[in-house]
Amino acid sequence: MNIVQINNTDLPGARFNGYNLQKNFNSRGISTKQLVYEKLSNDENVITFSDSVNTSVIYREFENEHSIKSIVFPYAHKIMKMKEFVDADIVHYHLIHNYILSILDFPKLVSLKKSVWTIHDPWVFTGHCIYPMDCRKYLSGCECCENLDRNFSMLRDNAAYMWDLKKRIFNSLDIDIVVASKWMKNLIDESPITKSLKRIHIIPFGINLEKYKVDDNRKNRIRKKLGITQDEIVLFFRADRSVYKGLDLIKDMLDKLDVRNHITLLTVGEAGLLNRFRLRYKVKDFGWLNNEDGISDLYASADIFLMPSTAEAFGVMAIEAMASSVPVIVMEGTALPDVVDAPRCGMAFHKNDINDFVYKVELLINNENERIKRGKLCRELAESKYDENTYFDTMLDLYQNIIKRK
């Protein structure tokens, strides 16, 4: 079996963009290539289809100027002629909206090969948004968009045009769809753009569980290295200005938090966003970490992980925290409550209810036994559902079934 993974790049997002899939399959002797526009690895099984000059920037600027998305990129025509594509038994598409393909060419690509498409976010069935948030216009045509500033932003309102174009293109695809959560499947089932797609498979992403395994010795050693005492309660979260990641909710919660414990705020992401809290809490910013060993150490030092995303189709950081035996607090209204199995393992607070958020954080801060109990349940959940080997095996089973079926 020859497999091809297609994405815009290889290393960023390797766990869910096809790169780790090809690494694992090749280690088993299953021929797998990844075709990307931007190659960052030295992996011989990753092949670029980029131009000799960076014309992608020109196409991107043109689309921004004309308020369209994934229309003019020509790389599908090059991909169709590549030996890796011609020889493929299965082609698996990932983030096709990341400046590599024209959706006008997508039906042709799909018609040439048995195809799988992992839909990572709701962009597929909106006029332009990555996440529709509380807007429901994606169910009826995205007429008169009131949120043109949301990613992917538009200079003028072409949302209804893009919505209609997607409906005509995606409705007729003969393709197997993969999503990582029930939340995403429900959105696909209800959208007029995608509801005709019947072969939808829920396959959660997985991680290397061994990297995130934590015992008391490791926790104590890392805390000592980071200058965190054993009596401090560590709240770990991502510091990100994005409206989707819920940092403002965390800030509002921290303003209202009423505890006597020494609290340390541990963050990855953008440094300096919590400076106003430094008089009240110890703040340790670690910036953007690309080293998985480094970030796994931060999880190991944490007592509670906060992920109050306002929009999330899965949430890899949540499963990393659970694999580290750290209880996770999320907000209702996204894929996360189901991903963390709230309220049994993780905890979910009512949507935009800061008082409920505060209550649940204080409950865990003030109750060590509850933290330990939930931490163990979270690790068990990660082992049963989010092992990368389970992800690899399930995806391979899907490919084999597709070949047998057709």
# chains A, B, ... in the order shown; residues from 1 in each chain; ligands from 1
>>> residues_around(residues="His94 in chain A", least_positions_apart="6", cutoff="7 Å", atoms="only C-alpha atoms", output="list in words")
Ile6, Asn7, Asn17, Trp117, Thr118 and Ile119 of chain A
>>> residues_around(residues="Ser140 in chain A", least_positions_apart="2", cutoff="10 Å", atoms="only C-alpha atoms", output="list in words")
Thr126, Arg136, Lys137, Tyr138, Cys142, Glu143, Ala160, Trp163, Asp164, Ser191, Pro192 and Ile193 of chain A
>>> write_last_selection(atoms="N, CA, C and O atoms", output="JSON list (two decimals), in the first residue's frame")
[["chain", "number", "residue", "atom", "x", "y", "z"],
["A", 126, "THR", "N", -18.21, 27.43, 6.74],
["A", 126, "THR", "CA", -18.56, 28.83, 7.02],
["A", 126, "THR", "C", -18.20, 29.69, 5.81],
["A", 126, "THR", "O", -17.50, 29.25, 4.90],
["A", 136, "ARG", "N", -24.82, 31.92, 13.99],
["A", 136, "ARG", "CA", -25.45, 30.73, 13.41],
["A", 136, "ARG", "C", -25.73, 30.90, 11.92],
["A", 136, "ARG", "O", -26.41, 30.08, 11.30],
["A", 137, "LYS", "N", -25.19, 31.94, 11.32],
["A", 137, "LYS", "CA", -25.47, 32.19, 9.91],
["A", 137, "LYS", "C", -24.86, 31.14, 9.00],
["A", 137, "LYS", "O", -25.26, 31.01, 7.84],
["A", 138, "TYR", "N", -23.88, 30.39, 9.50],
["A", 138, "TYR", "CA", -23.28, 29.33, 8.68],
["A", 138, "TYR", "C", -24.30, 28.24, 8.35],
["A", 138, "TYR", "O", -24.09, 27.43, 7.44],
["A", 142, "CYS", "N", -24.63, 32.52, 5.44],
["A", 142, "CYS", "CA", -23.67, 33.57, 5.80],
["A", 142, "CYS", "C", -23.95, 34.90, 5.09],
["A", 142, "CYS", "O", -23.03, 35.63, 4.72],
["A", 143, "GLU", "N", -25.22, 35.21, 4.91],
["A", 143, "GLU", "CA", -25.59, 36.51, 4.34],
["A", 143, "GLU", "C", -25.30, 37.62, 5.35],
["A", 143, "GLU", "O", -25.49, 37.46, 6.54],
["A", 160, "ALA", "N", -21.10, 35.22, 1.85],
["A", 160, "ALA", "CA", -22.18, 34.44, 1.24],
["A", 160, "ALA", "C", -21.73, 33.79, -0.06],
["A", 160, "ALA", "O", -22.11, 32.64, -0.35],
["A", 163, "TRP", "N", -19.57, 30.83, 0.93],
["A", 163, "TRP", "CA", -20.43, 29.79, 1.49],
["A", 163, "TRP", "C", -21.11, 29.00, 0.37],
["A", 163, "TRP", "O", -21.12, 27.77, 0.38],
["A", 164, "ASP", "N", -21.66, 29.72, -0.59],
["A", 164, "ASP", "CA", -22.37, 29.06, -1.70],
["A", 164, "ASP", "C", -21.40, 28.24, -2.55],
["A", 164, "ASP", "O", -21.74, 27.12, -2.99],
["A", 191, "SER", "N", -24.60, 21.02, 9.02],
["A", 191, "SER", "CA", -24.32, 22.06, 8.03],
["A", 191, "SER", "C", -24.88, 21.70, 6.66],
["A", 191, "SER", "O", -24.68, 20.57, 6.19],
["A", 192, "PRO", "N", -25.56, 22.63, 5.99],
["A", 192, "PRO", "CA", -26.03, 22.38, 4.62],
["A", 192, "PRO", "C", -24.88, 22.11, 3.65],
["A", 192, "PRO", "O", -25.08, 21.48, 2.61],
["A", 193, "ILE", "N", -23.69, 22.58, 3.98],
["A", 193, "ILE", "CA", -22.54, 22.40, 3.09],
["A", 193, "ILE", "C", -22.00, 20.97, 3.15],
["A", 193, "ILE", "O", -21.58, 20.42, 2.14]]
>>> closest_atom_pairs(of="range 210-245 of chain A", to="range 268-276 of chain A", cutoff="8 Å", atoms="only C-alpha atoms", output="tab-separated table")
residue	atom	partner	partner_atom	distance
A:Phe237	CA	A:Val268	CA	6.8
A:Arg238	CA	A:Val268	CA	5.0
A:Ala239	CA	A:Gly269	CA	4.9
A:Asp240	CA	A:Gly269	CA	5.9
A:Arg241	CA	A:Glu270	CA	7.9
>>> closest_residue(among="A:Val361, A:Leu235, A:Ile222, A:Leu306", to="Lys282 in chain A", atoms="only C-alpha atoms")
A:Leu235
>>> select_by_dssp(residues="range 246-403 of chain A", states="strand (DSSP E or B)", output="list in words")
His262, Ile263, Thr264, Leu265, Leu266, Thr267, Val268, Gly269, Lys282, Val283, Lys284, Asp285, Ile304, Phe305, Leu306, Met307, Val328, Ile329, Val330, Met331, Met347, Ala348, Phe349 and Asp387 of chain A
>>> closest_residue(among="A:Ile403, A:Met347, A:Leu249, A:Val234", to="Ile263 in chain A", atoms="only C-alpha atoms")
A:Val234
>>> closest_residue(among="A:Ile47, A:Ile177, A:Val316, A:Leu148", to="Leu336 in chain A", atoms="only C-alpha atoms")
A:Val316
>>> atom_distance(atom1="CA of Pro107 in chain A", atom2="CA of Asp51 in chain A")
22.9 Å
>>> closest_residue(among="A:Ile233, A:Leu104, A:Leu396, A:Ile207", to="Ala302 in chain A", atoms="only C-alpha atoms")
A:Ile233
>>> closest_residue(among="A:Phe392, A:Phe305, A:Tyr131, A:Phe277", to="Asp252 in chain A", atoms="only C-alpha atoms")
A:Phe277
>>> residues_around(residues="Asp215 in chain A", least_positions_apart="2", cutoff="9 Å", atoms="only C-alpha atoms", output="PyMOL selection string")
chain A and resi 213+217-220+300+324-325
>>> write_last_selection(atoms="C-alpha atoms", output="PDB file, in the first residue's frame")
ATOM      1  CA  LYS A 213       4.234  10.096  32.351  1.00  0.00           C
ATOM      2  CA  ASN A 217      10.154  11.975  41.847  1.00  0.00           C
ATOM      3  CA  ARG A 218       9.912  13.619  38.434  1.00  0.00           C
ATOM      4  CA  LYS A 219       7.474  16.252  39.685  1.00  0.00           C
ATOM      5  CA  ASN A 220       9.701  17.178  42.641  1.00  0.00           C
ATOM      6  CA  ALA A 300       4.817  17.592  35.158  1.00  0.00           C
ATOM      7  CA  SER A 324       0.609  14.131  32.775  1.00  0.00           C
ATOM      8  CA  SER A 325      -2.008  13.284  35.448  1.00  0.00           C
TER       9      SER A 325
END
>>> atom_distance(atom1="CA of Leu209 in chain A", atom2="CA of Gly29 in chain A")
23.1 Å
>>> atom_distance(atom1="CA of Thr394 in chain A", atom2="CA of Pro308 in chain A")
29.2 Å
>>> closest_residue(among="A:Asp134, A:Asp293, A:Asp393, A:Asp10", to="Asn42 in chain A", atoms="only C-alpha atoms")
A:Asp10
>>> residues_around(residues="range 254-258 of chain A", least_positions_apart="2", cutoff="10 Å", atoms="only C-alpha atoms", output="number ranges by chain")
A: 248-252, 260-261, 265, 277, 280-281, 354-355, 357-359, 361-362
>>> write_last_selection(atoms="C-alpha atoms", output="CSV table (one decimal), in the first residue's frame")
chain,number,residue,atom,x,y,z
A,248,ASP,CA,-9.5,37.1,29.2
A,249,LEU,CA,-11.6,34.5,31.0
A,250,ILE,CA,-8.5,33.4,32.9
A,251,LYS,CA,-7.6,37.0,33.8
A,252,ASP,CA,-11.1,37.6,35.1
A,260,ARG,CA,-4.6,31.4,50.9
A,261,ASN,CA,-2.2,29.2,49.0
A,265,LEU,CA,1.1,31.0,37.1
A,277,PHE,CA,-0.7,39.9,38.3
A,280,ARG,CA,-0.3,38.9,43.6
A,281,TYR,CA,1.0,35.7,42.1
A,354,ILE,CA,-16.6,33.6,35.7
A,355,ASN,CA,-18.1,32.8,39.1
A,357,PHE,CA,-14.9,29.2,36.7
A,358,VAL,CA,-13.6,30.6,40.0
A,359,TYR,CA,-15.6,28.0,42.0
A,361,VAL,CA,-10.5,26.4,40.3
A,362,GLU,CA,-10.8,27.0,44.1
>>> residues_around(residues="Ala335 in chain A", least_positions_apart="5", cutoff="7 Å", atoms="only C-alpha atoms", output="VMD selection string")
chain A and resid 181 183 312 to 314
>>> residues_around(residues="His201 in chain A", least_positions_apart="6", cutoff="9 Å", atoms="only C-alpha atoms", output="PyMOL selection string")
chain A and resi 176-180+185+398
>>> closest_atom_pairs(of="range 107-143 of chain A", to="range 80-89 of chain A", cutoff="9 Å", atoms="only C-alpha atoms", output="CSV")
residue,atom,partner,partner_atom,distance
A:Leu109,CA,A:Met80,CA,7.0
A:Leu112,CA,A:Met80,CA,8.4
A:Lys113,CA,A:Asp89,CA,6.9
A:Lys114,CA,A:Asp89,CA,6.6
A:Ser115,CA,A:Asp89,CA,8.8
>>> residues_around(residues="Leu364 in chain A", least_positions_apart="3", cutoff="10 Å", atoms="only C-alpha atoms", output="list in words")
Ile233, Asp303, Ile304, Pro327, Ile329, Met347, Tyr359, Lys360, Val361, Asn367, Glu368, Asn369, Glu370, Arg371, Ile372 and Arg374 of chain A
>>> write_last_selection(atoms="N, CA, C and O atoms", output="CSV table (one decimal), in the first residue's frame")
chain,number,residue,atom,x,y,z
A,233,ILE,N,0.8,26.0,44.6
A,233,ILE,CA,-0.2,25.5,43.7
A,233,ILE,C,0.1,26.1,42.3
A,233,ILE,O,0.1,27.3,42.1
A,303,ASP,N,-0.2,21.6,38.9
A,303,ASP,CA,-1.3,21.0,39.7
A,303,ASP,C,-2.6,21.0,38.9
A,303,ASP,O,-3.5,20.1,39.1
A,304,ILE,N,-2.9,22.1,38.1
A,304,ILE,CA,-4.1,22.3,37.4
A,304,ILE,C,-3.8,22.9,36.1
A,304,ILE,O,-3.0,23.8,36.0
A,327,PRO,N,-5.3,17.5,36.3
A,327,PRO,CA,-6.8,17.7,36.0
A,327,PRO,C,-6.9,19.0,35.2
A,327,PRO,O,-6.2,20.0,35.4
A,329,ILE,N,-9.4,22.0,33.5
A,329,ILE,CA,-10.7,22.8,33.6
A,329,ILE,C,-10.9,23.5,32.2
A,329,ILE,O,-10.0,24.2,31.7
A,347,MET,N,-13.0,19.0,34.4
A,347,MET,CA,-14.2,19.8,34.9
A,347,MET,C,-14.5,20.9,33.8
A,347,MET,O,-13.6,21.4,33.2
A,359,TYR,N,-15.2,29.1,41.1
A,359,TYR,CA,-15.6,28.0,42.0
A,359,TYR,C,-14.8,26.7,41.7
A,359,TYR,O,-14.3,26.1,42.7
A,360,LYS,N,-14.7,26.3,40.5
A,360,LYS,CA,-14.1,25.1,40.1
A,360,LYS,C,-12.5,25.1,40.3
A,360,LYS,O,-11.9,24.1,40.8
A,361,VAL,N,-11.9,26.3,40.1
A,361,VAL,CA,-10.5,26.4,40.3
A,361,VAL,C,-10.2,26.3,41.8
A,361,VAL,O,-9.3,25.6,42.3
A,367,ASN,N,-8.4,21.3,47.6
A,367,ASN,CA,-8.6,19.9,47.8
A,367,ASN,C,-7.6,19.0,47.1
A,367,ASN,O,-7.8,18.7,45.9
A,368,GLU,N,-6.5,18.7,47.8
A,368,GLU,CA,-5.5,17.9,47.2
A,368,GLU,C,-5.9,16.6,46.8
A,368,GLU,O,-5.6,16.1,45.7
A,369,ASN,N,-6.8,15.9,47.6
A,369,ASN,CA,-7.3,14.6,47.2
A,369,ASN,C,-8.1,14.6,45.9
A,369,ASN,O,-8.0,13.7,45.1
A,370,GLU,N,-8.9,15.7,45.7
A,370,GLU,CA,-9.6,15.8,44.5
A,370,GLU,C,-8.7,16.0,43.3
A,370,GLU,O,-9.0,15.4,42.2
A,371,ARG,N,-7.7,16.7,43.5
A,371,ARG,CA,-6.7,16.9,42.4
A,371,ARG,C,-6.0,15.6,42.0
A,371,ARG,O,-5.9,15.2,40.8
A,372,ILE,N,-5.6,14.8,43.0
A,372,ILE,CA,-5.0,13.5,42.8
A,372,ILE,C,-5.9,12.6,42.2
A,372,ILE,O,-5.6,11.9,41.2
A,374,ARG,N,-8.7,13.1,40.3
A,374,ARG,CA,-9.0,13.5,39.0
A,374,ARG,C,-7.7,13.3,38.1
A,374,ARG,O,-7.9,13.0,36.9
>>> select_by_dssp(residues="range 268-322 of chain A", states="helix (DSSP H, G or I)", output="PDB file with C-alpha atoms, in the first residue's frame")
ATOM      1  CA  ASN A 275       2.448  41.324  34.192  1.00  0.00           C
ATOM      2  CA  ARG A 276      -0.319  43.026  36.153  1.00  0.00           C
ATOM      3  CA  PHE A 277      -0.689  39.876  38.290  1.00  0.00           C
ATOM      4  CA  GLU A 292       8.170  18.472  23.403  1.00  0.00           C
ATOM      5  CA  ASP A 293      10.464  17.430  26.264  1.00  0.00           C
ATOM      6  CA  GLY A 294      10.487  20.994  27.559  1.00  0.00           C
ATOM      7  CA  ILE A 295       6.730  21.391  27.562  1.00  0.00           C
ATOM      8  CA  SER A 296       6.210  17.946  29.104  1.00  0.00           C
ATOM      9  CA  ASP A 297       8.352  19.112  32.037  1.00  0.00           C
ATOM     10  CA  LEU A 298       6.008  22.069  32.540  1.00  0.00           C
ATOM     11  CA  TYR A 299       2.978  19.779  32.645  1.00  0.00           C
ATOM     12  CA  ALA A 300       4.817  17.592  35.158  1.00  0.00           C
ATOM     13  CA  SER A 301       5.261  20.558  37.494  1.00  0.00           C
ATOM     14  CA  VAL A 316      -4.145  18.600  22.023  1.00  0.00           C
ATOM     15  CA  MET A 317      -2.903  20.522  25.067  1.00  0.00           C
ATOM     16  CA  ALA A 318      -5.787  19.106  27.104  1.00  0.00           C
ATOM     17  CA  ILE A 319      -4.751  15.527  26.366  1.00  0.00           C
ATOM     18  CA  GLU A 320      -1.112  16.382  27.088  1.00  0.00           C
ATOM     19  CA  ALA A 321      -2.178  17.645  30.507  1.00  0.00           C
ATOM     20  CA  MET A 322      -4.309  14.569  31.168  1.00  0.00           C
TER      21      MET A 322
END
